[in-house]
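A.B. asks: My file is my_file-v1.txt. It has compact mmCIF, C-alpha atoms:
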# COMPACT_ATOMS: atom_id res chain seq x y z
CA MET A 27 11.63 -13.71 6.28
CA PRO A 28 10.55 -13.25 7.10
CA VAL A 29 6.19 -13.37 7.21
CA HIS A 30 5.51 -11.88 3.95
CA LEU A 31 1.77 -12.60 3.58
CA SER A 32 -1.45 -10.71 3.85
CA ALA A 33 -3.95 -11.99 6.36
CA ARG A 34 -6.17 -12.52 3.34
CA GLU A 35 -5.11 -13.16 -0.24
CA PRO A 36 -7.28 -11.65 -2.98
CA GLY A 37 -9.85 -14.05 -4.26
CA THR A 38 -9.53 -16.53 -1.41
CA ALA A 39 -11.46 -17.28 1.73
CA PRO A 40 -9.89 -16.29 5.03
CA ALA A 41 -8.40 -18.91 7.28
CA ARG A 42 -10.61 -18.52 10.34
CA PRO A 43 -14.31 -18.58 11.04
CA ALA A 44 -15.24 -14.86 11.02
CA ARG A 45 -14.54 -14.67 7.29
CA ARG A 46 -12.84 -11.29 7.48
CA HIS A 47 -9.45 -9.70 7.21
CA ILE A 48 -7.64 -9.96 10.56
CA ALA A 49 -6.23 -6.45 10.88
CA PRO A 50 -4.08 -7.00 14.02
CA LEU A 51 -2.01 -9.58 12.18
CA ASP A 52 -0.81 -6.85 9.83
CA GLY A 53 0.32 -4.88 12.86
CA LEU A 54 1.96 -7.96 14.35
CA ARG A 55 3.98 -8.31 11.16
CA GLY A 56 5.00 -4.66 11.46
CA LEU A 57 6.08 -5.23 15.07
CA ALA A 58 8.17 -8.21 13.97
CA VAL A 59 10.11 -6.29 11.32
CA LEU A 60 10.74 -3.35 13.65
CA GLY A 61 12.15 -5.76 16.23
CA VAL A 62 14.59 -7.13 13.66
CA LEU A 63 15.61 -3.63 12.55
CA PHE A 64 16.43 -2.46 16.06
CA PHE A 65 18.20 -5.72 16.86
CA HIS A 66 20.52 -5.24 13.90
CA ALA A 67 21.06 -1.64 14.96
CA GLY A 68 22.22 -2.87 18.37
CA HIS A 69 19.32 -1.44 20.38
CA LEU A 70 17.16 -4.50 21.13
CA GLY A 71 18.98 -7.64 22.19
CA GLY A 72 16.05 -9.98 21.51
CA GLY A 73 14.72 -8.29 18.40
CA PHE A 74 15.95 -11.22 16.31
CA LEU A 75 12.94 -13.10 17.71
CA GLY A 76 10.88 -11.08 15.27
CA VAL A 77 11.99 -13.64 12.67
CA ASP A 78 10.27 -16.37 14.69
CA LEU A 79 7.13 -14.26 14.77
CA PHE A 80 7.32 -14.03 10.99
CA PHE A 81 7.66 -17.80 10.76
CA VAL A 82 4.64 -18.44 12.98
CA LEU A 83 2.54 -15.96 11.01
CA SER A 84 3.59 -17.62 7.76
CA GLY A 85 2.60 -21.06 8.99
CA PHE A 86 -0.75 -19.78 10.28
CA LEU A 87 -1.74 -17.80 7.20
CA ILE A 88 -0.57 -20.28 4.58
CA THR A 89 -2.22 -23.22 6.34
CA GLY A 90 -5.46 -21.31 6.77
CA LEU A 91 -5.54 -20.45 3.07
CA LEU A 92 -4.80 -24.02 2.02
CA LEU A 93 -7.41 -25.50 4.37
CA ALA A 94 -9.96 -23.02 3.06
CA GLU A 95 -9.11 -24.09 -0.48
CA THR A 96 -9.54 -27.78 0.31
CA ALA A 97 -12.86 -27.05 2.00
CA ARG A 98 -14.00 -25.12 -1.07
CA THR A 99 -12.68 -27.31 -3.88
CA GLY A 100 -11.66 -30.60 -2.25
CA ARG A 101 -8.04 -30.24 -3.35
CA VAL A 102 -4.94 -28.03 -3.30
CA ASP A 103 -4.00 -26.47 -6.64
CA LEU A 104 -0.23 -26.61 -6.20
CA VAL A 105 0.60 -24.78 -9.43
CA ALA A 106 -1.71 -21.90 -8.53
CA PHE A 107 -0.33 -21.79 -4.98
CA TRP A 108 3.30 -21.69 -6.09
CA GLY A 109 2.40 -19.08 -8.69
CA ARG A 110 0.93 -16.85 -5.98
CA ARG A 111 4.04 -17.29 -3.86
CA ALA A 112 6.28 -16.40 -6.82
CA ARG A 113 4.26 -13.23 -7.55
CA ARG A 114 4.33 -12.32 -3.87
CA LEU A 115 7.99 -12.90 -3.11
CA LEU A 116 10.13 -12.91 -6.23
CA PRO A 117 9.71 -9.35 -7.61
CA ALA A 118 10.92 -7.56 -4.48
CA LEU A 119 13.63 -10.16 -3.87
CA ALA A 120 14.91 -9.82 -7.43
CA VAL A 121 15.07 -6.03 -7.18
CA THR A 122 16.86 -6.25 -3.83
CA LEU A 123 19.40 -8.76 -5.14
CA ALA A 124 20.14 -6.75 -8.27
CA GLY A 125 20.20 -3.41 -6.46
CA THR A 126 22.42 -4.70 -3.67
CA LEU A 127 24.97 -6.23 -6.02
CA LEU A 128 25.20 -3.00 -8.00
CA LEU A 129 25.49 -0.86 -4.85
CA VAL A 130 28.19 -3.08 -3.37
CA TRP A 131 30.06 -3.08 -6.70
CA ALA A 132 29.91 0.73 -6.83
CA PHE A 133 30.44 1.63 -3.18
CA GLY A 134 31.33 -1.43 -1.11
CA PHE A 135 34.61 -2.95 -0.01
CA ALA A 136 36.17 -5.56 -2.27
CA SER A 137 35.76 -8.25 0.40
CA LEU A 138 32.06 -7.39 0.70
CA LEU A 139 31.56 -7.73 -3.06
CA ARG A 140 33.47 -11.01 -3.18
CA LEU A 141 31.28 -12.56 -0.50
CA GLY A 142 28.13 -11.09 -2.04
CA LEU A 143 28.94 -12.71 -5.38
CA ASP A 144 29.66 -15.98 -3.58
CA ASP A 145 26.32 -15.93 -1.75
CA ALA A 146 24.04 -14.63 -4.53
CA PRO A 147 23.52 -17.93 -6.44
CA TRP A 148 22.43 -19.65 -3.25
CA VAL A 149 19.98 -16.84 -2.53
CA ILE A 150 18.54 -17.17 -6.04
CA GLY A 151 18.17 -20.91 -5.45
CA ASN A 152 16.43 -20.35 -2.07
CA VAL A 153 18.99 -22.43 -0.17
CA ALA A 154 21.05 -19.61 1.36
CA ASN A 155 20.60 -21.00 4.87
CA TRP A 156 22.23 -24.32 4.00
CA HIS A 157 25.01 -22.50 2.13
CA PHE A 158 25.84 -20.47 5.24
CA ILE A 159 25.72 -23.59 7.40
CA ALA A 160 28.00 -25.54 5.03
CA ASP A 161 30.47 -22.64 4.85
CA GLN A 162 30.39 -22.30 8.65
CA VAL A 163 29.37 -18.65 8.45
CA GLY A 164 28.61 -17.91 12.09
CA TYR A 165 25.36 -15.96 12.20
CA TRP A 166 26.19 -14.13 15.39
CA ASP A 167 29.75 -13.07 14.61
CA SER A 168 30.13 -13.02 10.80
CA ALA A 169 26.83 -11.68 9.52
CA ASP A 170 28.08 -8.10 9.10
CA THR A 171 30.62 -9.24 6.49
CA ARG A 172 27.87 -10.41 4.09
CA VAL A 173 25.08 -8.31 2.60
CA PHE A 174 22.80 -11.33 2.08
CA SER A 175 23.22 -13.02 5.46
CA HIS A 176 19.67 -12.10 6.54
CA LEU A 177 18.13 -13.99 3.62
CA TRP A 178 18.59 -17.34 5.36
CA SER A 179 15.09 -16.84 6.77
CA VAL A 180 13.57 -16.23 3.32
CA ALA A 181 15.13 -19.52 2.22
CA VAL A 182 13.58 -21.36 5.18
CA GLU A 183 10.14 -20.01 4.34
CA GLU A 184 10.50 -20.81 0.63
CA GLN A 185 11.44 -24.39 1.48
CA PHE A 186 8.39 -24.62 3.75
CA TYR A 187 6.16 -23.28 0.95
CA LEU A 188 7.50 -25.97 -1.34
CA VAL A 189 6.91 -28.94 0.97
CA TRP A 190 4.01 -28.09 3.30
CA PRO A 191 1.29 -27.69 0.63
CA LEU A 192 2.14 -31.19 -0.64
CA VAL A 193 1.80 -32.63 2.86
CA LEU A 194 -1.34 -30.67 3.68
CA GLY A 195 -2.98 -31.59 0.40
CA LEU A 196 -2.48 -35.28 1.12
CA LEU A 197 -3.70 -34.98 4.70
CA ALA A 198 -6.72 -32.76 4.12
CA THR A 199 -8.08 -34.62 1.09
CA HIS A 200 -7.07 -38.21 1.94
CA GLY A 201 -9.90 -40.69 1.61
CA GLY A 202 -12.13 -38.40 -0.44
CA ALA A 203 -14.57 -37.81 2.42
CA GLY A 204 -16.98 -35.02 1.57
CA GLY A 205 -19.06 -32.60 3.56
CA ALA A 206 -18.36 -30.95 6.88
CA HIS A 207 -17.38 -34.24 8.53
CA GLY A 208 -14.76 -34.97 5.91
CA ARG A 209 -13.33 -31.45 6.12
CA SER A 210 -13.17 -31.70 9.92
CA ARG A 211 -11.30 -35.01 9.73
CA GLY A 212 -8.85 -33.52 7.22
CA SER A 213 -8.18 -30.51 9.41
CA GLY A 214 -7.70 -32.81 12.38
CA ARG A 215 -5.07 -34.82 10.53
CA VAL A 216 -3.25 -31.62 9.63
CA ALA A 217 -3.30 -30.60 13.31
CA VAL A 218 -1.81 -33.92 14.43
CA VAL A 219 0.97 -33.86 11.85
CA ALA A 220 1.78 -30.20 12.54
CA ALA A 221 2.03 -30.87 16.29
CA ALA A 222 4.13 -33.99 15.79
CA GLY A 223 6.39 -32.23 13.29
CA ALA A 224 6.93 -29.33 15.69
CA ALA A 225 7.93 -31.77 18.45
CA VAL A 226 10.42 -33.54 16.16
CA SER A 227 11.88 -30.21 15.07
CA LEU A 228 12.36 -29.16 18.70
CA ALA A 229 14.07 -32.47 19.47
CA LEU A 230 16.44 -31.97 16.53
CA MET A 231 17.37 -28.51 17.77
CA ILE A 232 18.16 -29.80 21.26
CA VAL A 233 20.19 -32.75 19.93
CA LEU A 234 22.12 -30.83 17.25
CA VAL A 235 22.86 -27.58 19.08
CA ASP A 236 26.52 -26.65 19.38
CA PRO A 237 27.02 -24.30 22.35
CA VAL A 238 30.05 -22.72 20.65
CA ASP A 239 28.22 -21.81 17.43
CA THR A 240 24.44 -22.19 17.19
CA THR A 241 24.25 -21.29 13.50
CA ARG A 242 23.39 -24.87 12.45
CA VAL A 243 20.26 -25.04 14.58
CA TYR A 244 19.40 -21.36 14.20
CA GLU A 245 19.34 -21.44 10.39
CA GLY A 246 18.53 -25.09 9.67
CA THR A 247 15.14 -25.67 8.07
CA ASP A 248 14.63 -28.84 10.07
CA THR A 249 15.45 -27.19 13.40
CA ARG A 250 13.37 -24.07 12.73
CA ALA A 251 10.32 -25.83 11.31
CA PHE A 252 8.58 -25.86 14.70
CA SER A 253 7.82 -22.14 14.44
CA LEU A 254 6.11 -22.57 11.07
CA LEU A 255 4.34 -25.74 12.20
CA LEU A 256 3.04 -24.21 15.44
CA GLY A 257 1.53 -21.45 13.32
CA ALA A 258 0.06 -24.10 11.04
CA LEU A 259 -1.40 -25.93 14.06
CA MET A 260 -3.13 -22.77 15.22
CA ALA A 261 -4.89 -22.44 11.84
CA THR A 262 -6.58 -25.85 12.10
CA GLY A 263 -10.12 -26.56 13.18
CA PRO A 264 -9.26 -28.28 16.48
CA ALA A 265 -7.17 -25.31 17.64
CA ALA A 266 -9.83 -22.81 16.59
CA ARG A 267 -12.56 -24.74 18.42
CA LEU A 268 -10.45 -25.01 21.57
CA LEU A 269 -9.87 -21.25 21.66
CA ALA A 270 -13.52 -20.57 20.85
CA ARG A 271 -14.62 -22.64 23.86
CA ALA A 272 -12.40 -20.48 26.08
CA GLY A 273 -14.53 -17.48 25.13
CA ARG A 274 -13.88 -14.00 23.76
CA ARG A 275 -13.09 -12.49 27.14
CA ALA A 276 -10.31 -15.04 27.67
CA ALA A 277 -9.02 -14.28 24.17
CA HIS A 278 -8.93 -10.54 24.97
CA TRP A 279 -6.94 -11.06 28.15
CA GLY A 280 -4.80 -13.73 26.57
CA SER A 281 -3.82 -11.41 23.71
CA SER A 282 -2.67 -8.70 26.12
CA VAL A 283 -0.76 -11.05 28.42
CA LEU A 284 0.94 -12.84 25.53
CA LEU A 285 1.89 -9.59 23.78
CA ILE A 286 3.49 -8.29 26.99
CA SER A 287 5.27 -11.61 27.56
CA ILE A 288 6.69 -11.63 24.04
CA GLY A 289 7.83 -8.02 24.39
CA THR A 290 9.55 -8.89 27.68
CA SER A 291 11.37 -11.81 26.08
CA TRP A 292 12.61 -9.50 23.31
CA ALA A 293 13.96 -7.10 25.90
CA LEU A 294 15.76 -9.82 27.91
CA ALA A 295 17.06 -12.25 25.27
CA ASP A 296 20.62 -11.88 24.02
CA GLY A 297 21.16 -14.19 21.05
CA GLN A 298 24.21 -16.38 21.30
CA SER A 299 24.56 -15.42 24.97
CA SER A 300 21.19 -17.06 25.76
CA PRO A 301 21.88 -20.81 25.29
CA SER A 302 18.51 -21.69 26.83
CA LEU A 303 16.90 -20.34 23.65
CA PHE A 304 18.22 -23.36 21.77
CA ARG A 305 17.08 -25.87 24.39
CA GLY A 306 13.43 -24.93 24.37
CA GLY A 307 13.34 -21.14 24.65
CA LEU A 308 12.76 -20.53 20.94
CA PHE A 309 10.00 -23.15 21.00
CA GLN A 310 8.32 -21.44 23.96
CA HIS A 311 8.50 -18.09 22.17
CA ALA A 312 7.00 -19.60 19.00
CA LEU A 313 4.23 -21.25 21.03
CA ALA A 314 3.43 -17.93 22.72
CA ALA A 315 3.35 -16.25 19.30
CA ALA A 316 1.02 -18.94 17.94
CA LEU A 317 -1.35 -18.55 20.89
CA LEU A 318 -1.27 -14.76 20.47
CA ILE A 319 -2.18 -15.12 16.80
CA GLY A 320 -4.97 -17.53 17.67
CA CYS A 321 -6.38 -15.17 20.29
CA LEU A 322 -6.21 -12.20 17.91
CA ALA A 323 -7.97 -14.20 15.21
CA GLN A 324 -10.75 -15.18 17.63
CA ALA A 325 -11.21 -11.71 19.16
CA PRO A 326 -9.38 -8.93 17.29
CA GLU A 327 -11.35 -6.17 19.00
CA GLY A 328 -9.55 -6.44 22.37
CA ARG A 329 -6.95 -3.96 23.64
CA ALA A 330 -4.02 -5.77 22.06
CA GLY A 331 -5.96 -6.18 18.83
CA ARG A 332 -6.84 -2.48 18.68
CA LEU A 333 -3.22 -1.52 19.33
CA LEU A 334 -1.83 -3.83 16.67
CA GLY A 335 -4.65 -2.98 14.28
CA SER A 336 -3.99 0.76 14.42
CA ALA A 337 -2.69 2.65 11.41
CA VAL A 338 1.06 2.82 12.12
CA PRO A 339 1.73 -0.86 12.96
CA ARG A 340 -0.41 -1.97 10.02
CA TRP A 341 1.46 0.30 7.61
CA PHE A 342 4.77 -1.16 8.71
CA GLY A 343 3.21 -4.58 8.27
CA ARG A 344 2.31 -3.76 4.68
CA ILE A 345 5.90 -2.83 3.80
CA SER A 346 7.50 -5.44 6.09
CA TYR A 347 8.73 -7.79 3.37
CA SER A 348 10.62 -5.15 1.42
CA LEU A 349 11.76 -3.53 4.66
CA TYR A 350 13.25 -6.81 5.79
CA LEU A 351 14.93 -7.32 2.43
CA TRP A 352 16.51 -3.87 2.21
CA HIS A 353 17.42 -2.98 5.77
CA TRP A 354 20.42 -5.27 6.20
CA PRO A 355 22.34 -4.41 3.00
CA LEU A 356 21.84 -0.76 3.88
CA TYR A 357 23.09 -1.31 7.44
CA VAL A 358 26.24 -2.92 6.06
CA LEU A 359 26.83 -0.31 3.35
CA LEU A 360 26.09 2.69 5.56
CA GLY A 361 28.60 1.78 8.25
CA GLU A 362 30.19 4.14 10.73
CA GLU A 363 33.33 4.50 8.63
CA ARG A 364 31.28 5.67 5.62
CA THR A 365 28.72 7.89 7.32
CA GLY A 366 30.73 9.20 10.26
CA LEU A 367 27.74 8.42 12.45
CA SER A 368 27.31 5.99 15.32
CA GLY A 369 24.65 5.00 17.83
CA TRP A 370 21.18 6.41 17.38
CA GLY A 371 22.35 8.88 14.74
CA ARG A 372 23.39 6.10 12.39
CA THR A 373 20.28 4.10 13.31
CA ALA A 374 18.04 7.03 12.39
CA LEU A 375 19.77 7.41 9.02
CA VAL A 376 19.70 3.73 8.10
CA VAL A 377 16.12 3.18 9.28
CA THR A 378 14.94 6.23 7.30
CA VAL A 379 16.69 5.10 4.12
CA SER A 380 15.44 1.53 4.63
CA ILE A 381 11.83 2.67 5.05
CA ALA A 382 12.08 4.81 1.90
CA ALA A 383 13.52 1.90 -0.10
CA ALA A 384 10.89 -0.49 1.29
CA ALA A 385 8.00 1.86 0.49
CA ALA A 386 9.26 2.34 -3.06
CA SER A 387 9.66 -1.43 -3.50
CA THR A 388 6.20 -2.16 -2.06
CA TYR A 389 4.24 0.39 -4.05
CA LEU A 390 6.22 0.30 -7.30
CA VAL A 391 7.17 -3.39 -7.52
CA GLU A 392 5.39 -5.70 -5.06
CA ASN A 393 1.82 -4.45 -5.23
CA PRO A 394 1.63 -3.83 -8.99
CA VAL A 395 2.88 -7.34 -9.79
CA ARG A 396 0.82 -8.95 -7.07
CA PHE A 397 -2.51 -7.25 -7.66
CA ARG A 398 -2.61 -5.64 -11.11
CA ALA A 399 -0.21 -7.35 -13.54
CA ARG A 400 -2.25 -9.74 -15.68
CA TRP A 401 0.90 -10.81 -17.50
CA ALA A 402 2.21 -12.29 -14.22
CA HIS A 403 -0.33 -15.15 -14.40
CA GLY A 404 -0.39 -18.36 -16.39
CA ARG A 405 2.05 -19.02 -19.20
CA THR A 406 3.26 -15.43 -19.44
CA GLY A 407 3.89 -15.46 -15.70
CA ALA A 408 6.01 -18.59 -16.03
CA LEU A 409 7.98 -17.00 -18.86
CA ALA A 410 8.45 -13.86 -16.77
CA LEU A 411 9.77 -15.98 -13.89
CA VAL A 412 12.32 -17.65 -16.16
CA ALA A 413 13.30 -14.26 -17.61
CA VAL A 414 13.83 -12.74 -14.15
CA LEU A 415 15.96 -15.65 -13.01
CA ALA A 416 17.99 -15.47 -16.20
CA ALA A 417 18.48 -11.72 -15.73
CA LEU A 418 19.70 -12.24 -12.17
CA VAL A 419 22.16 -14.89 -13.28
CA ALA A 420 23.37 -12.62 -16.10
CA LEU A 421 23.89 -9.74 -13.69
CA TRP A 422 25.75 -11.98 -11.27
CA ALA A 423 28.04 -13.12 -14.09
CA ALA A 424 28.53 -9.58 -15.40
CA VAL A 425 29.57 -7.94 -12.11
CA PRO A 426 33.36 -8.23 -12.06
CA ALA A 427 34.73 -10.12 -9.10
CA PRO A 428 37.52 -8.36 -7.17
CA THR A 429 41.03 -9.50 -7.98
CA ALA A 430 42.67 -11.86 -5.55
CA GLY A 431 43.88 -9.99 -2.48
CA ALA A 432 41.99 -6.80 -3.29
CA GLY A 433 40.58 -5.28 -0.15
CA SER A 434 42.03 -8.01 2.03
CA VAL A 435 43.60 -5.42 4.33
CA ASP A 436 41.55 -2.36 5.17
CA ILE A 437 43.08 -0.01 7.74
CA THR A 438 39.76 1.63 8.56
CA ARG A 439 38.15 -1.71 9.40
CA LEU A 440 41.15 -2.78 11.45
CA THR A 441 41.14 0.41 13.52
CA THR A 442 37.37 0.31 14.06
CA GLY A 443 37.43 -3.40 14.94
CA ARG A 444 34.80 -4.31 12.32
Now that the file is in, can you turn its structure into structure tokens?
C.D. replies:
Amino acid sequence: MPVHLSAREPGTAPARPARRHIAPLDGLRGLAVLGVLFFHAGHLGGGFLGVDLFFVLSGFLITGLLLAETARTGRVDLVAFWGRRARRLLPALAVTLAGTLLLVWAFGFASLLRLGLDDAPWVIGNVANWHFIADQVGYWDSADTRVFSHLWSVAVEEQFYLVWPLVLGLLATHGGAGGAHGRSRGSGRVAVVAAAGAAVSLALMIVLVDPVDTTRVYEGTDTRAFSLLLGALMATGPAARLLARAGRRAAHWGSSVLLISIGTSWALADGQSSPSLFRGGLFQHALAAALLIGCLAQAPEGRAGRLLGSAVPRWFGRISYSLYLWHWPLYVLLGEERTGLSGWGRTALVVTVSIAAAAASTYLVENPVRFRARWAHGRTGALALVAVLAALVALWAAVPAPTAGAGSVDITRLTTGR
């Protein structure tokens, strides 16, 4: 999930010293979602690593915002934070869930609808990743049978947003020390815990990995936390000071080298066929992404920063959340057997439809609720949240489940091998 955050939230201080919006990070988010799209289309073997880039960005941006809040007010307002996350993430997710269920009911195979109805409650509860793990839904070989399989990453991020602010608030404000010295000590504690947590998460991945099916470590919150925590580490004062001492010229070159290295890893990686990814490779990729983000934050005017900060990557970054949400259900629904297209022809169709759906969701749902809807705040916002959740549950209950055995044998799928 995806990263689904602006480099600067309205009304808050930015995470890094320059006190400005970091434009290349928008473009980096756009690059991440395009990598995932082309991976799912079968054209970029390592494009799934875009999800890790999202995770690192999420950890960096959220931690920067929370540290800025503690520096400003001496505390973390958890209710306000969770309210912002709900306004940011829930509207588009709710529309995608409702729209996908209705589309699958109207046009999908019975087996697809049955699995969609089975998965939807877990998506609503933000624990889809653990549901897939418990049901032994292999990410690499069973994902195309489920329209919500990609939402495991949204669940991981939501779980991080629930726990990390609690931890950070305790670390950054512990002891009540005031002034710059107290803020520096708080940021230092956050850095230590983030680094230690990332190391523990890596160790869990190495210990728990199953070479036959890596779904447990690929989708587990505990085994993927290192990506989010490495991003969090890069947002702390000690990391910022270390990069600042290296100088802007080093940051310029570092951004370019790291961007090329990450692109190379996307071109060479091959998911389940790259077991080294789960024995340190994913950690190395996340660390490279964190360093890239740190370099871009220190010196966004370099070549890599100008490329990522240009209009097209930034626009894709702005619609990246809705694009991530919509692209996979559309890939599944617009299969070869339905469209008569394959290869790049089908990719062009699905990407075009996905971009149109994402743009509509961003400009008609996400942005209005996030920036302009006064009713989405405070008590009315809480009531709206309850109403949306109730509406989703009602829709889930109202969509008729296929009868037992319906769609269990589909000649078209058998002959196409899907």
A.B. asks: For region 51-63 of chain A, find every residue with an atom within 6 Å (counting all atoms listed in the file), except residues of its own chain fewer than 3 positions away, and show them as a ChimeraX atom specification.
C.D. replies: /A:48,66,73-74,76,334-335,339-340,342-343,346
A.B. asks: With distances taken over all atoms listed in the file, which residue among A:Ala316, A:Gly331, A:Phe133, A:Thr241 lies nearest Asp161 (chain A)?
C.D. replies: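 Using all atoms listed in the file, Asp161 (chain A) sits closest to A:Thr241.
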A.B. asks: Between CA of Arg215 (chain A) and CA of Val82 (chain A), measure the distance and give it in Å to one decimal.
C.D. replies: 19.2 Å
A.B. asks: Residues of region 304-372 of chain A that approach region 271-284 of chain A to 9 Å or less, counting only C-alpha atoms: could you list each one with the shortest pair of atoms and its distance in Å to one decimal, rows by chain and increasing residue number, as a Markdown table?
C.D. replies:
| residue | atom | partner | partner_atom | distance |
| --- | --- | --- | --- | --- |
| A:Ala314 | CA | A:Leu284 | CA | 6.3 |
| A:Ala315 | CA | A:Leu284 | CA | 7.5 |
| A:Leu317 | CA | A:Leu284 | CA | 7.7 |
| A:Leu318 | CA | A:Ser281 | CA | 5.3 |
| A:Ile319 | CA | A:Ser281 | CA | 8.0 |
| A:Gly320 | CA | A:Ala277 | CA | 8.3 |
| A:Cys321 | CA | A:Ala277 | CA | 4.8 |
| A:Leu322 | CA | A:Ser281 | CA | 6.3 |
| A:Gln324 | CA | A:Ala277 | CA | 6.8 |
| A:Ala325 | CA | A:Arg274 | CA | 5.8 |
| A:Pro326 | CA | A:His278 | CA | 7.9 |
| A:Glu327 | CA | A:His278 | CA | 7.8 |
| A:Gly328 | CA | A:His278 | CA | 4.9 |
| A:Arg329 | CA | A:Ser282 | CA | 6.9 |
| A:Ala330 | CA | A:Ser282 | CA | 5.2 |
| A:Gly331 | CA | A:Ser281 | CA | 7.5 |
A.B. asks: Any chance you can output those residues with C-alpha atoms as a PDB file, keeping the file's coordinate frame?
C.D. replies:
ATOM      1  CA  ALA A 314       3.430 -17.930  22.720  1.00  0.00           C
ATOM      2  CA  ALA A 315       3.350 -16.250  19.300  1.00  0.00           C
ATOM      3  CA  LEU A 317      -1.350 -18.550  20.890  1.00  0.00           C
ATOM      4  CA  LEU A 318      -1.270 -14.760  20.470  1.00  0.00           C
ATOM      5  CA  ILE A 319      -2.180 -15.120  16.800  1.00  0.00           C
ATOM      6  CA  GLY A 320      -4.970 -17.530  17.670  1.00  0.00           C
ATOM      7  CA  CYS A 321      -6.380 -15.170  20.290  1.00  0.00           C
ATOM      8  CA  LEU A 322      -6.210 -12.200  17.910  1.00  0.00           C
ATOM      9  CA  GLN A 324     -10.750 -15.180  17.630  1.00  0.00           C
ATOM     10  CA  ALA A 325     -11.210 -11.710  19.160  1.00  0.00           C
ATOM     11  CA  PRO A 326      -9.380  -8.930  17.290  1.00  0.00           C
ATOM     12  CA  GLU A 327     -11.350  -6.170  19.000  1.00  0.00           C
ATOM     13  CA  GLY A 328      -9.550  -6.440  22.370  1.00  0.00           C
ATOM     14  CA  ARG A 329      -6.950  -3.960  23.640  1.00  0.00           C
ATOM     15  CA  ALA A 330      -4.020  -5.770  22.060  1.00  0.00           C
ATOM     16  CA  GLY A 331      -5.960  -6.180  18.830  1.00  0.00           C
TER      17      GLY A 331
END
A.B. asks: Excluding Ala217 (chain A) and residues on its chain fewer than 4 positions from it, collect all residues at most 7 Å away from it, counting only C-alpha atoms, and give them as an mmCIF file with C-alpha atoms, in the coordinates of the input.
C.D. replies:
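Below is the file that was written, around32.cif:
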data_model
loop_
_atom_site.group_PDB
_atom_site.id
_atom_site.type_symbol
_atom_site.label_atom_id
_atom_site.label_comp_id
_atom_site.auth_asym_id
_atom_site.auth_seq_id
_atom_site.Cartn_x
_atom_site.Cartn_y
_atom_site.Cartn_z
ATOM 1 C CA SER A 213 -8.180 -30.510 9.410
ATOM 2 C CA ALA A 221 2.030 -30.870 16.290
ATOM 3 C CA LEU A 259 -1.400 -25.930 14.060
ATOM 4 C CA THR A 262 -6.580 -25.850 12.100
#
A.B. asks: Could you jot down the CA of Ile286 (chain A) to CA of Trp341 (chain A) separation for me, Å, one decimal place?
C.D. replies: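 Interatomic distance, CA of Ile286 (chain A) to CA of Trp341 (chain A): 21.3 Å.
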A.B. asks: For Pro301 (chain A), find every residue with an atom within 10 Å (counting all atoms listed in the file), except residues of its own chain fewer than 5 positions away, and show them as a VMD selection string.
C.D. replies: chain A and resid 235 to 238 240 295 to 296 306 to 307
A.B. asks: Would you list the contacts of region 400-406 of chain A as a PyMOL selection string, taking every protein, DNA or RNA residue within 9 Å and counting all atoms listed in the file, but skipping same-chain residues closer than 5 positions in sequence?
C.D. replies: chain A and resi 106+109-110+113+395+411
A.B. asks: Would you please work out which residue, of A:Val102, A:Leu359, A:Leu308, A:Leu255, is nearest to Leu75 (chain A) when using all atoms listed in the file?
C.D. replies: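 So, comparing all the options, the nearest one is A:Leu308.
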A.B. asks: Considering only C-alpha atoms, state which residue in the set A:Leu196, A:Ala94, A:Glu245, A:Ala265 is at the smallest distance from Val153 (chain A).
C.D. replies: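 Nearest candidate to Val153 (chain A) out of A:Leu196, A:Ala94, A:Glu245, A:Ala265: A:Glu245.
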A.B. asks: Give me, please, the distance in Å between CA of Asp103 (chain A) and CA of Pro191 (chain A), quoted to one decimal.
C.D. replies: 9.1 Å
A.B. asks: Please determine, counting only C-alpha atoms, which residue among A:Leu119, A:Ala224, A:Ala67, A:Leu285 has the shortest atom-to-atom distance to Ala384 (chain A).
C.D. replies: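 Nearest candidate to Ala384 (chain A) out of A:Leu119, A:Ala224, A:Ala67, A:Leu285: A:Leu119.
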A.B. asks: In the coordinate frame of the file, compute which residues have an atom within 12 Å of (22.6, -14.9, 6.5) when using all atoms listed in the file, and state them as an MDAnalysis selection string.
C.D. replies: chainID A and resid 27 141:142 145:146 148:149 152:159 161:182 241:242 244:246 351 354:355
A.B. asks: Point out the residue among A:Ala382, A:Ala416, A:Val391, A:Leu256 with the least atom-to-atom distance to Arg114 (chain A), counting all atoms listed in the file.
C.D. replies: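 Result for the nearest residue to Arg114 (chain A): A:Val391.
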